[in-house]
Amino acid sequence: MKYAYLILILSLLYSCGSTTSEVSEINVNDMALSELKSYLKTKKDEVKNLQSTIANIEDRMAELDPTSVQKVAKRVTTLPIVKSEFKHFISVQGLLEANDVIAINAETGGRMLQLKIDEGDYVKKGDLVAVLDTENFDKQRDEILKALELAKEVYERRKRLWDQKIGSEIEYLQSKNDVERMEKSLETLDFQQTKGQVYAPVSGVVDVINIHPGEMVSPGMPIANILDVSRLIATADVPENYLGSVKVGDRVLLNFPSIDYSVEGRINLIGNTIDAANRTFKIEVRVARTTKNLKPNLLTEIKINDKTIADVISIPVNSVLQEVSGKEYVMVVNQSGSTAVAEKKYVTRGPFNNEEVVITSGLEEGQVLVNIGAQNLVDKDALEVISTKELDEAKKIINE
């Protein structure tokens, strides 16, 4: 029987040899893209048909003489088929924005001497950001001090005279008022002089700088703008056909591809209008600043759960395979015999996302799905079930 088996295989290879000879005469470099696609499909079909023929021969030989064919068990990983909750997600692109823009205003006038921030810097509330020239205050202070010195001298003299009931009470009171007024003016001037040092009113990121060293600053003029990054929001435009599936308060997953970081958030606003140009509505999601790398205008991917189905069978989407005819199937573990073998099950798929697909018919709870390794199986292949950890270790050894 073994010799008969070899003869059958050799005859198959010989019959394929003529085809191979014909193939060698075809120069793929002379083919157009459409011809190459058609040619590749033909060859793949031939390979699948040959594999199926060999499998049928082996099965028949095993029936006639179980000792004639010893199939090598193929290593696979498996998953139990259970019913669970399936969630469908839509993904939309958005931007991360600062919720508030705060101006750093000058409270006094003068020429800017120093600017201690640059655009993009992160500053804390109370940090010194600019120094203004207050030399004019120094001159005014000197003038007030001299006038105050004279006013005090006049007041002391008139007070001594008034204590002796000499002179006018009005002149005495007027001189006293002059001293008090000048002292108040000195306090006001000293307070204004402290405004020559400008501090950040909030913590955030410097967005725009309006005034540079050497330029004049007027009272109330914004020196720079700070984005308050303690309250970030992600904004995105969602197609209008999802309007009924998205609600305020829904949890969403925000992914920031450029920094490989994800965080959860909640929708806190849904726009009241539909954009007539692109048929979308706006959503806003509050984002906690859990890492300093979250910066305004960062590209954001927002995953929204628009549909949830309870008590269904869902499997990894890559587990669903397709025949040449287009029929879809999966491989399950059949343990009815002494050894585990692969069994093909035709299935009908339902809703799916990037990771899972719902199976509406063809599978039952309690079966065992072949996960990794199913692509290389045919019906009744012997199986050696291994864990994902063992598979990873084997790959590591191969790579080494």
# chains A, B, ... in the order shown; residues from 1 in each chain; ligands from 1
>>> closest_atom_pairs(of="segment 293-341 of chain A", to="segment 265-285 of chain A", cutoff="12 Å", atoms="only C-alpha atoms", output="Markdown table")
| residue | atom | partner | partner_atom | distance |
| --- | --- | --- | --- | --- |
| A:Thr300 | CA | A:Val285 | CA | 10.9 |
| A:Glu301 | CA | A:Val285 | CA | 11.6 |
| A:Ile302 | CA | A:Val285 | CA | 9.1 |
| A:Lys303 | CA | A:Gly265 | CA | 10.3 |
| A:Ile304 | CA | A:Ile267 | CA | 9.6 |
| A:Asn305 | CA | A:Ile267 | CA | 11.6 |
>>> select_by_dssp(residues="segment 85-217 of chain A", states="helix (DSSP H, G or I)", output="MDAnalysis selection string")
chainID A and resid 135:163 169:194
>>> write_last_selection(atoms="C-alpha atoms", output="mmCIF file, in the first residue's frame")
data_model
loop_
_atom_site.group_PDB
_atom_site.id
_atom_site.type_symbol
_atom_site.label_atom_id
_atom_site.label_comp_id
_atom_site.auth_asym_id
_atom_site.auth_seq_id
_atom_site.Cartn_x
_atom_site.Cartn_y
_atom_site.Cartn_z
ATOM 1 C CA GLU A 135 12.093 103.588 35.460
ATOM 2 C CA ASN A 136 9.386 106.255 35.137
ATOM 3 C CA PHE A 137 7.930 105.050 38.428
ATOM 4 C CA ASP A 138 11.328 105.507 40.081
ATOM 5 C CA LYS A 139 11.429 109.127 38.886
ATOM 6 C CA GLN A 140 7.874 109.794 40.040
ATOM 7 C CA ARG A 141 8.720 108.240 43.402
ATOM 8 C CA ASP A 142 11.713 110.532 43.855
ATOM 9 C CA GLU A 143 9.559 113.574 43.060
ATOM 10 C CA ILE A 144 6.850 112.498 45.529
ATOM 11 C CA LEU A 145 9.456 111.810 48.233
ATOM 12 C CA LYS A 146 10.881 115.344 47.896
ATOM 13 C CA ALA A 147 7.425 116.889 47.908
ATOM 14 C CA LEU A 148 6.489 114.711 50.903
ATOM 15 C CA GLU A 149 9.595 115.881 52.777
ATOM 16 C CA LEU A 150 8.594 119.526 52.302
ATOM 17 C CA ALA A 151 4.957 118.805 53.137
ATOM 18 C CA LYS A 152 5.979 117.127 56.413
ATOM 19 C CA GLU A 153 8.165 120.116 57.365
ATOM 20 C CA VAL A 154 5.319 122.557 56.703
ATOM 21 C CA TYR A 155 2.926 120.343 58.629
ATOM 22 C CA GLU A 156 5.228 120.091 61.661
ATOM 23 C CA ARG A 157 5.664 123.867 61.817
ATOM 24 C CA ARG A 158 1.972 124.634 61.468
ATOM 25 C CA LYS A 159 1.171 121.977 64.043
ATOM 26 C CA ARG A 160 3.511 123.568 66.587
ATOM 27 C CA LEU A 161 1.957 126.967 65.908
ATOM 28 C CA TRP A 162 -1.572 125.587 66.110
ATOM 29 C CA ASP A 163 -0.777 123.840 69.373
ATOM 30 C CA GLU A 169 -6.808 126.025 61.612
ATOM 31 C CA ILE A 170 -7.546 125.709 57.881
ATOM 32 C CA GLU A 171 -3.862 126.030 57.013
ATOM 33 C CA TYR A 172 -3.013 123.392 59.653
ATOM 34 C CA LEU A 173 -5.613 120.933 58.328
ATOM 35 C CA GLN A 174 -4.584 121.588 54.739
ATOM 36 C CA SER A 175 -0.921 120.817 55.470
ATOM 37 C CA LYS A 176 -1.935 117.626 57.305
ATOM 38 C CA ASN A 177 -4.043 116.570 54.305
ATOM 39 C CA ASP A 178 -1.119 117.243 51.926
ATOM 40 C CA VAL A 179 1.101 114.849 53.887
ATOM 41 C CA GLU A 180 -1.529 112.097 53.970
ATOM 42 C CA ARG A 181 -2.327 112.524 50.263
ATOM 43 C CA MET A 182 1.345 112.236 49.265
ATOM 44 C CA GLU A 183 1.812 109.148 51.435
ATOM 45 C CA LYS A 184 -1.161 107.504 49.704
ATOM 46 C CA SER A 185 0.268 108.478 46.321
ATOM 47 C CA LEU A 186 3.557 106.853 47.318
ATOM 48 C CA GLU A 187 1.765 103.618 48.286
ATOM 49 C CA THR A 188 -0.148 103.594 44.995
ATOM 50 C CA LEU A 189 3.064 104.186 43.045
ATOM 51 C CA ASP A 190 4.854 101.360 44.876
ATOM 52 C CA PHE A 191 1.922 99.041 44.105
ATOM 53 C CA GLN A 192 1.945 100.012 40.423
ATOM 54 C CA GLN A 193 5.669 99.426 40.291
ATOM 55 C CA THR A 194 5.150 95.792 41.323
#
>>> atom_distance(atom1="atom CA of Val238 of chain A", atom2="atom CA of Asp306 of chain A")
11.5 Å
>>> residues_around(residues="segment 82-96 of chain A", least_positions_apart="2", cutoff="10 Å", atoms="only C-alpha atoms", output="NGL selection string")
:A and (79-80 or 98-99 or 232-239 or 242 or 252-256 or 282-287 or 294-315 or 351-358 or 363-368)
>>> write_last_selection(atoms="C-alpha atoms", output="compact mmCIF listing (two decimals), in the first residue's frame")
# COMPACT_ATOMS: atom_id res chain seq x y z
CA LEU A 79 -10.86 29.33 21.76
CA PRO A 80 -14.04 28.08 23.46
CA ALA A 98 -7.95 73.49 25.02
CA ASN A 99 -11.28 74.45 26.55
CA LEU A 232 -9.00 69.57 27.36
CA ILE A 233 -11.74 68.56 24.93
CA ALA A 234 -11.66 66.33 21.86
CA THR A 235 -13.90 67.46 19.01
CA ALA A 236 -14.95 65.44 15.97
CA ASP A 237 -17.53 65.41 13.18
CA VAL A 238 -19.79 62.33 13.14
CA PRO A 239 -21.85 61.28 10.06
CA TYR A 242 -25.33 57.89 13.59
CA VAL A 252 -15.95 56.58 24.28
CA LEU A 253 -12.34 55.48 23.78
CA LEU A 254 -9.89 58.14 22.66
CA ASN A 255 -6.69 57.04 20.95
CA PHE A 256 -3.78 59.35 20.17
CA LYS A 282 -20.19 67.87 16.07
CA ILE A 283 -19.42 66.09 19.32
CA GLU A 284 -17.20 67.12 22.24
CA VAL A 285 -15.54 64.79 24.72
CA ARG A 286 -13.95 65.92 27.98
CA VAL A 287 -10.41 64.55 28.31
CA LEU A 294 -1.57 65.57 25.57
CA LYS A 295 -1.27 68.85 23.69
CA PRO A 296 -3.76 71.03 21.83
CA ASN A 297 -4.31 70.16 18.14
CA LEU A 298 -3.16 66.57 18.72
CA LEU A 299 -4.78 64.18 16.22
CA THR A 300 -7.39 62.07 17.99
CA GLU A 301 -9.23 58.88 17.03
CA ILE A 302 -12.58 58.55 18.82
CA LYS A 303 -14.20 55.10 19.00
CA ILE A 304 -17.95 55.27 19.68
CA ASN A 305 -20.05 52.25 20.65
CA ASP A 306 -23.08 52.66 18.37
CA LYS A 307 -24.57 49.17 18.71
CA THR A 308 -24.63 46.50 21.45
CA ILE A 309 -26.07 42.98 20.94
CA ALA A 310 -26.49 40.68 23.93
CA ASP A 311 -26.20 36.86 24.08
CA VAL A 312 -24.60 36.13 20.69
CA ILE A 313 -21.67 34.05 19.44
CA SER A 314 -18.81 36.26 18.32
CA ILE A 315 -15.36 35.08 17.22
CA PRO A 351 -22.39 42.44 12.36
CA PHE A 352 -18.65 42.83 12.81
CA ASN A 353 -15.99 45.28 13.93
CA ASN A 354 -12.22 45.36 13.44
CA GLU A 355 -11.70 42.53 15.94
CA GLU A 356 -14.83 40.36 16.17
CA VAL A 357 -17.65 39.11 13.99
CA VAL A 358 -21.05 37.77 15.06
CA LEU A 363 -21.70 27.36 15.34
CA GLU A 364 -23.03 26.35 18.73
CA GLU A 365 -22.03 27.27 22.23
CA GLY A 366 -19.68 24.67 23.72
CA GLN A 367 -17.74 23.97 20.52
CA VAL A 368 -14.03 24.74 20.33
>>> select_by_dssp(residues="segment 134-344 of chain A", states="strand (DSSP E)", output="number ranges by chain")
A: 197-199, 204-209, 216-217, 222-239, 251-256, 261-270, 280-287, 299-316, 321-322, 328-334, 341-344
>>> atom_distance(atom1="atom CA of Met221 of chain A", atom2="atom CA of Ala130 of chain A")
12.9 Å
>>> atom_distance(atom1="atom CA of Arg75 of chain A", atom2="atom CA of Asn371 of chain A")
10.8 Å
>>> closest_residue(among="A:Ile102, A:Val131, A:Leu50, A:Val370", to="Val76 of chain A", atoms="only C-alpha atoms")
A:Val370
>>> residues_around(residues="segment 114-120 of chain A", least_positions_apart="6", cutoff="8 Å", atoms="only C-alpha atoms", output="PDB file with C-alpha atoms, in the first residue's frame")
ATOM      1  CA  LEU A 128       7.098  85.094  36.072  1.00  0.00           C
ATOM      2  CA  VAL A 129       6.554  85.564  32.333  1.00  0.00           C
ATOM      3  CA  ALA A 130       7.664  89.172  31.582  1.00  0.00           C
ATOM      4  CA  VAL A 131       9.454  92.179  33.104  1.00  0.00           C
ATOM      5  CA  LEU A 132       8.522  95.756  32.132  1.00  0.00           C
ATOM      6  CA  VAL A 205       0.550  76.117  27.333  1.00  0.00           C
ATOM      7  CA  VAL A 206       1.694  79.379  25.741  1.00  0.00           C
ATOM      8  CA  ASP A 207      -0.185  79.600  22.464  1.00  0.00           C
ATOM      9  CA  VAL A 208       0.544  83.039  20.992  1.00  0.00           C
ATOM     10  CA  ILE A 209       2.992  85.803  21.974  1.00  0.00           C
ATOM     11  CA  HIS A 212       8.273  91.085  22.309  1.00  0.00           C
ATOM     12  CA  PRO A 213      11.197  92.626  24.238  1.00  0.00           C
TER      13      PRO A 213
END
>>> closest_residue(among="A:Ala340, A:Leu321, A:Leu383, A:Ala200", to="Pro222 of chain A", atoms="only C-alpha atoms")
A:Ala200
>>> closest_residue(among="A:Arg349, A:Leu113, A:Thr77, A:Lys44", to="Lys389 of chain A", atoms="only C-alpha atoms")
A:Thr77
>>> closest_residue(among="A:Tyr122, A:Met216, A:Leu33, A:Asn27", to="Ala106 of chain A", atoms="only C-alpha atoms")
A:Met216
>>> decode(residues="segment 259-305 of chain A", atoms="N, CA and C atoms", output="mmCIF file, in the first residue's frame")
data_model
loop_
_atom_site.group_PDB
_atom_site.id
_atom_site.type_symbol
_atom_site.label_atom_id
_atom_site.label_comp_id
_atom_site.auth_asym_id
_atom_site.auth_seq_id
_atom_site.Cartn_x
_atom_site.Cartn_y
_atom_site.Cartn_z
ATOM 1 N N ILE A 259 1.309 59.473 19.893
ATOM 2 C CA ILE A 259 2.005 59.203 21.159
ATOM 3 C C ILE A 259 1.670 57.818 21.694
ATOM 4 N N ASP A 260 0.926 57.007 20.892
ATOM 5 C CA ASP A 260 0.571 55.645 21.263
ATOM 6 C C ASP A 260 -0.041 55.611 22.668
ATOM 7 N N TYR A 261 -1.116 56.374 22.836
ATOM 8 C CA TYR A 261 -1.742 56.502 24.156
ATOM 9 C C TYR A 261 -3.252 56.509 23.991
ATOM 10 N N SER A 262 -3.945 55.849 24.918
ATOM 11 C CA SER A 262 -5.406 55.800 24.878
ATOM 12 C C SER A 262 -5.972 56.148 26.245
ATOM 13 N N VAL A 263 -7.156 56.734 26.236
ATOM 14 C CA VAL A 263 -7.822 57.094 27.490
ATOM 15 C C VAL A 263 -9.327 57.126 27.237
ATOM 16 N N GLU A 264 -10.105 56.864 28.277
ATOM 17 C CA GLU A 264 -11.561 56.907 28.143
ATOM 18 C C GLU A 264 -12.075 58.314 28.421
ATOM 19 N N GLY A 265 -13.227 58.626 27.856
ATOM 20 C CA GLY A 265 -13.877 59.905 28.098
ATOM 21 C C GLY A 265 -15.379 59.769 27.932
ATOM 22 N N ARG A 266 -16.092 60.846 28.183
ATOM 23 C CA ARG A 266 -17.549 60.866 28.012
ATOM 24 C C ARG A 266 -17.946 62.005 27.083
ATOM 25 N N ILE A 267 -18.940 61.739 26.252
ATOM 26 C CA ILE A 267 -19.466 62.789 25.376
ATOM 27 C C ILE A 267 -20.227 63.788 26.239
ATOM 28 N N ASN A 268 -19.808 65.062 26.197
ATOM 29 C CA ASN A 268 -20.485 66.071 27.009
ATOM 30 C C ASN A 268 -21.279 67.069 26.169
ATOM 31 N N LEU A 269 -21.151 66.985 24.839
ATOM 32 C CA LEU A 269 -21.910 67.913 23.986
ATOM 33 C C LEU A 269 -22.128 67.286 22.622
ATOM 34 N N ILE A 270 -23.343 67.424 22.106
ATOM 35 C CA ILE A 270 -23.678 67.041 20.735
ATOM 36 C C ILE A 270 -24.221 68.273 20.037
ATOM 37 N N GLY A 271 -23.677 68.573 18.866
ATOM 38 C CA GLY A 271 -24.072 69.770 18.141
ATOM 39 C C GLY A 271 -25.552 69.801 17.821
ATOM 40 N N ASN A 272 -26.093 71.003 17.746
ATOM 41 C CA ASN A 272 -27.522 71.185 17.466
ATOM 42 C C ASN A 272 -27.837 71.292 15.985
ATOM 43 N N THR A 273 -26.814 71.326 15.156
ATOM 44 C CA THR A 273 -27.042 71.482 13.713
ATOM 45 C C THR A 273 -26.257 70.430 12.935
ATOM 46 N N ILE A 274 -26.727 70.172 11.721
ATOM 47 C CA ILE A 274 -26.033 69.281 10.789
ATOM 48 C C ILE A 274 -25.323 70.154 9.759
ATOM 49 N N ASP A 275 -24.039 69.898 9.559
ATOM 50 C CA ASP A 275 -23.274 70.645 8.563
ATOM 51 C C ASP A 275 -23.804 70.292 7.176
ATOM 52 N N ALA A 276 -24.293 71.282 6.450
ATOM 53 C CA ALA A 276 -24.892 71.030 5.139
ATOM 54 C C ALA A 276 -23.866 70.572 4.113
ATOM 55 N N ALA A 277 -22.598 70.912 4.320
ATOM 56 C CA ALA A 277 -21.566 70.573 3.338
ATOM 57 C C ALA A 277 -21.171 69.098 3.419
ATOM 58 N N ASN A 278 -20.947 68.575 4.637
ATOM 59 C CA ASN A 278 -20.474 67.191 4.752
ATOM 60 C C ASN A 278 -21.435 66.273 5.507
ATOM 61 N N ARG A 279 -22.631 66.777 5.855
ATOM 62 C CA ARG A 279 -23.667 65.984 6.516
ATOM 63 C C ARG A 279 -23.146 65.328 7.793
ATOM 64 N N THR A 280 -22.557 66.119 8.660
ATOM 65 C CA THR A 280 -22.051 65.629 9.937
ATOM 66 C C THR A 280 -22.536 66.535 11.063
ATOM 67 N N PHE A 281 -22.469 66.012 12.294
ATOM 68 C CA PHE A 281 -22.738 66.829 13.468
ATOM 69 C C PHE A 281 -21.532 66.756 14.397
ATOM 70 N N LYS A 282 -21.380 67.764 15.219
ATOM 71 C CA LYS A 282 -20.193 67.873 16.065
ATOM 72 C C LYS A 282 -20.429 67.243 17.429
ATOM 73 N N ILE A 283 -19.393 66.582 17.942
ATOM 74 C CA ILE A 283 -19.425 66.092 19.324
ATOM 75 C C ILE A 283 -18.193 66.614 20.061
ATOM 76 N N GLU A 284 -18.320 66.752 21.387
ATOM 77 C CA GLU A 284 -17.197 67.125 22.239
ATOM 78 C C GLU A 284 -17.068 66.104 23.356
ATOM 79 N N VAL A 285 -15.827 65.764 23.663
ATOM 80 C CA VAL A 285 -15.539 64.788 24.718
ATOM 81 C C VAL A 285 -14.540 65.402 25.686
ATOM 82 N N ARG A 286 -14.888 65.433 26.968
ATOM 83 C CA ARG A 286 -13.947 65.917 27.977
ATOM 84 C C ARG A 286 -12.815 64.907 28.134
ATOM 85 N N VAL A 287 -11.588 65.417 28.211
ATOM 86 C CA VAL A 287 -10.412 64.551 28.312
ATOM 87 C C VAL A 287 -9.603 64.960 29.536
ATOM 88 N N ALA A 288 -9.371 64.020 30.420
ATOM 89 C CA ALA A 288 -8.520 64.294 31.576
ATOM 90 C C ALA A 288 -7.067 64.322 31.119
ATOM 91 N N ARG A 289 -6.310 65.333 31.574
ATOM 92 C CA ARG A 289 -4.899 65.442 31.168
ATOM 93 C C ARG A 289 -4.060 64.513 32.043
ATOM 94 N N THR A 290 -4.054 63.231 31.662
ATOM 95 C CA THR A 290 -3.362 62.216 32.448
ATOM 96 C C THR A 290 -1.900 62.064 32.063
ATOM 97 N N THR A 291 -1.459 62.744 31.018
ATOM 98 C CA THR A 291 -0.053 62.741 30.632
ATOM 99 C C THR A 291 0.282 64.096 30.024
ATOM 100 N N LYS A 292 1.506 64.550 30.222
ATOM 101 C CA LYS A 292 1.904 65.868 29.725
ATOM 102 C C LYS A 292 1.998 65.904 28.205
ATOM 103 N N ASN A 293 2.000 64.721 27.560
ATOM 104 C CA ASN A 293 2.093 64.686 26.101
ATOM 105 C C ASN A 293 0.780 65.029 25.407
ATOM 106 N N LEU A 294 -0.302 65.148 26.170
ATOM 107 C CA LEU A 294 -1.572 65.574 25.571
ATOM 108 C C LEU A 294 -1.509 67.078 25.319
ATOM 109 N N LYS A 295 -1.428 67.448 24.062
ATOM 110 C CA LYS A 295 -1.272 68.850 23.693
ATOM 111 C C LYS A 295 -2.374 69.275 22.723
ATOM 112 N N PRO A 296 -2.743 70.548 22.758
ATOM 113 C CA PRO A 296 -3.764 71.035 21.832
ATOM 114 C C PRO A 296 -3.392 70.756 20.379
ATOM 115 N N ASN A 297 -4.411 70.480 19.572
ATOM 116 C CA ASN A 297 -4.306 70.165 18.145
ATOM 117 C C ASN A 297 -3.725 68.791 17.870
ATOM 118 N N LEU A 298 -3.626 67.935 18.901
ATOM 119 C CA LEU A 298 -3.158 66.567 18.715
ATOM 120 C C LEU A 298 -4.241 65.767 17.992
ATOM 121 N N LEU A 299 -3.839 65.008 16.970
ATOM 122 C CA LEU A 299 -4.785 64.178 16.216
ATOM 123 C C LEU A 299 -5.367 63.105 17.134
ATOM 124 N N THR A 300 -6.694 62.965 17.080
ATOM 125 C CA THR A 300 -7.394 62.067 17.995
ATOM 126 C C THR A 300 -8.315 61.135 17.212
ATOM 127 N N GLU A 301 -8.299 59.857 17.599
ATOM 128 C CA GLU A 301 -9.233 58.880 17.034
ATOM 129 C C GLU A 301 -10.253 58.545 18.117
ATOM 130 N N ILE A 302 -11.524 58.778 17.839
ATOM 131 C CA ILE A 302 -12.581 58.548 18.824
ATOM 132 C C ILE A 302 -13.402 57.333 18.396
ATOM 133 N N LYS A 303 -13.422 56.304 19.271
ATOM 134 C CA LYS A 303 -14.202 55.098 19.002
ATOM 135 C C LYS A 303 -15.503 55.172 19.800
ATOM 136 N N ILE A 304 -16.627 55.123 19.076
ATOM 137 C CA ILE A 304 -17.952 55.268 19.683
ATOM 138 C C ILE A 304 -18.713 53.955 19.550
ATOM 139 N N ASN A 305 -19.235 53.456 20.656
ATOM 140 C CA ASN A 305 -20.050 52.245 20.651
ATOM 141 C C ASN A 305 -21.469 52.611 20.191
#
